Amino acid sequence: MTPEKLTYMANQIATAFARRPEDEAVAAIAEHIDAFWGPGMRAELLALAEAGAPELSPRVARAAHLIRRPQAA
Amino acid sequence: MKDFILPDPDFGTPAWASDRTVTLSIDGFEVTVPEGTSVMRAAAELGIEIPKLCATDSVEPIGSCRLCMVEIEGRRGTPASCTTPVAPGMKVHTQTPKVAQLRRGVMELYISDHPLDCLTCAANGDCQLQDMAGAVGLREVRYAPGANHFQTRQNGEDNPRYTPKDQSNPYFTYDPSKCIACYRCVRACEEVQGTFALTVEGRGFEARISAGGSDFLSSDCVSCGACVQACPTATLQEKSVIETGTPDRAVITTCAYCGVGCSFRAEMKGDQLVRMVPWKAGKANRGHSCVKGRFAYGYATHPDRILNPMIRNTIDEPWREVSWEEAFGFAARKFRAIQQEHGIGAIGGITSSRCTNEETFLVQKLIRQVFGNNNVDTCARVCHSPTGYGLKTTFGTSAGTQDFDSVEQADVVLVIGANPTDGHPVFASRLKKRLRQGAKLIVADPRRIDLVRGPHVRAAHHLPLRPGTNVALLTAMAHVIVTEGLTADAFIRERCEIDAYQDWAGFVAEDRHSPEATEALTGVPAGDVRKAARLYATGGNAAIYYGLGVTEHSQGSTTVMAIANLAMATGNVGRPGVGVNPLRGQNNVQGSCDMGSFPHELPGYRHVHDDAARGLYERLWNVTISDEPGLRIPNMLDAAVGGTFKGIYIQGEDILQSDPDTRHVASGLAAMDCVVVHDLFLNETANYAHVFLPGSTFLEKDGTFTNAERRINRVRRVMAPLTGMADWEVTQALANAMGADWAYAHPSEIMAEIAATTPSFAGVSYDLLDREGSVQWPCNAAAPLGTPIMHEGGFVRGKGLFVVTDYVPTDERTGPRYPLLLTTGRILSQYNVGAQTRRTPNTIWHAADMLEIHPHDAETRGITDGCWVRLASRSGETTLKATLSDRVSPGVVYTTFHHPETQANVVTSDYSDWATNCPEYKVTAVQVSPSNGPSEWQQTYAERARAARRILPAAE
Ligand code: SF4
Ligand code: SF4
Ligand code: SF4
Ligand code: FES
């Protein structure tokens, strides 16, 4: 998946929880991504977050710390 | 083979529901029936069949033939038993010298205007007129043929009363010379189907049935078959019966087309299917059907069906027919080699919403146990995954709340993003029946669907919203309900999480959500939204039915939750007549989701994170199941392009045609080393396949389908698989070729494994289904006969959860280059990608996909009715023919996607639902311009497809 598309999808999730208070929203984003995204997509997202990709929403960037680490496949 | 020869007795008049009962005596036998029941029906309950011609229990009686007269002690004359209600203490005599003589007289009159060609008549042996002549003991006809309707010539001239047979409908004929003017057909068309296509022309002896137009085909008739079913004579007759004769046995099975899941009697002669007749005891359809299930089964024996397995090394080679063994060995070797080289996760599979629960269960088992990963997905993602997410979040289960019977108790019905008369026709008929009884209808749809203005049906409100603004509209309705104090406070306090409710109520009450504030977004006049919201909240039992127009959006999941919020806020959950009801597209969308077809879910919607659920299967299957979600279809394709995903097993789906972004799918498939397609036909996806495993139709296998009301219906094998193997056997053989040791001898054993491992199916078994006909899950110790209505005592998740639904406009926006919004849908006679219906005479109603465009938009572009147009979006372009229509608003265009040549998905965008990535099919910004023929993509595609379909003759 292209980084643009991945970023777009992660930000879409952040938008859906936008009205929640910061901490709650960050947790909800991480939980949603853990539940629905396979390890490959999560690894790509985490790499983006690590690299400080500017297009990632700040909440997704924060949620990255809570997202389950995919095992190296 | 198990045979279900079930007699289908005709009680003469419909059942009557009443709390009070009446006891009477008929021919000396006492019988107790609900008040309001007819004498005829009461007698039938005793097993006494009173002769009848104009009465049948699918329609209300009219008392016209007078054959059913009886004598009642203390009453004068001979009343018609079909129109006489029972009374307490009544003493009825059904056979007296007087009525016997009168009946003979009636029959004599009928027969005098009827051709006596019984021996060569298509209804011979299956004709009520014949039966009744026998029953009343008719022995002579004293009238010389005078004025009549059946002689072509009379007195050396053309008989003016004679009308030739109408053979225009592809499935049945109308032969007026045999009509006895009982009007059963007219009433069936009105009462059962609700189309009002038939009328009576002329009066008395001159009366004839007319389909309005010049013939049936050009009339309003939708070919549902209800009139054919009701006709007591050969006047309306299935062409298949004319060709083959009467059937000699019947097997009860389930339609394989749409999510209504109608029950049918498959009427057979040897192993030849003579006709499909809707089964009266079927709980989803109650004896009704649509043109697809009733007539469009010819694809099962279409010459295009592939009957032998085929393989090839590369997709530019022609296909080579091989034995089953060779095909399984070839696929198994390739799959294992891929895993050796690229890892366990380099292969995966796709389950089908068209196959049975048992088959779907086996495919996901194949992937989880034998492939050893969670790379399983289903095409249900492209339609209803937001339903699963939305309803699970708010209510606690991923399914609709009601049974179809529930609509009979609804007072207000909100239909949003669904077109039931085309997509779910039998449900539509049941809905229309309720609307004619006075229930109110609200339609929220960009297009003026048939329900908005039909015969004897008028929507109270049509809210023609701009595509993509569902959430804004529903939140505006919630705004009205909350700010005008129309909420069901007691229900909310008792059943819902109160903090979440207050948060939600505060949110929707904000001014920016008012109908006035959102009018500019949705395009729906604020006053209409207010009225519709008030009606929904205060009109009595209010039910919501929705379809793909809700789910296939970037906010699909949010819209489902907005719908659930509305239902909870007004207390419309948990009893008959209300609820939230997704109308599922394909026959087994519900079942394929239930059976663990998603990469993150085991059967029964248990997440792969759930250690207990995983443990259960790990012990049973003796494997380790990863607690990581596997790849979804788009991820598989991405990984294929990236070189890490190399093989796929696709059962009964045509992802090239049904999934978004056709080119991406094509390049993904092209990058794989082993694509195994298991289907009836060489579908579009098979152009990229290396192994083709021929599939079997629903007529050739045992199993179950689960319909939109969670009803598990039996599919019964009526003929042997033409390929020698039913689909579940094929999956089993493939698994075994890869080293598994499966030994299922019958699908009932697969169901036993499902029941043993899935709590909501714990009580399901073939024995139970044979006994009960069908059950709705959850079916377990707490609900041994299933659950027609969910959330009755409380929500499955405990307390209902209100979720704030902020409107987020889709990024698919119109602009100067793409100023129109395209939305897509389906039509009655075709089904999904059309692989089946295109191979039946149904094409007579829909030969090609057309683009509906408003006359204003057409005019400014120089487009005329029927001309070729180029339909272009940011993703791609295609061409098709235009039809001008004011059913769509200016600014909106509409098309169906039943034909592969159209390639509508070349045009649709890449956007998807935020929660489930269900693609946003319902909104695409497009431009339309005149064109002179098929696009380049269409032309090259057609060439490629032809080349990819070559088959070498089998080597001896
Ligand atoms: S087939 Fe159905 S729609 Fe057509 S005339 Fe008969 S009942 Fe009416
Ligand atoms: S067509 Fe058949 S059902 Fe209709 S009036 Fe004639 S005999 Fe009766
Ligand atoms: S297509 Fe749907 S409505 Fe039509 S007969 Fe089949 S299940 Fe019933
Ligand atoms: S059946 Fe009663 S009048 Fe015809």
# chains A, B, ... in the order shown; residues from 1 in each chain; ligands from 1

$ residues_near_ligand --ligand "ligand 3" --cutoff "7 Å" --atoms "only C-alpha atoms and all ligand atoms" --output "VMD selection string"
chain B and resid 255 to 262 285 289 to 294 424 to 427 587

$ residues_around --residues "Tyr911 (chain B)" --least-positions-apart "3" --cutoff "10 Å" --atoms "only C-alpha atoms" --output "count of residues only"
20

$ residues_around --residues "Gly506 (chain B)" --least-positions-apart "3" --cutoff "12 Å" --atoms "only C-alpha atoms" --output "VMD selection string"
chain B and resid 475 478 to 479 482 to 483 499 to 503 509 to 513 802 to 805

$ closest_residue --among "A:Gly38, A:Ile33, A:Glu4, A:Ala14" --to "chain B" --atoms "only C-alpha atoms"
A:Gly38

$ closest_residue --among "B:Gly527, B:Gly642, B:Pro778, B:Gly245" --to "chain A" --atoms "only C-alpha atoms"
B:Gly642
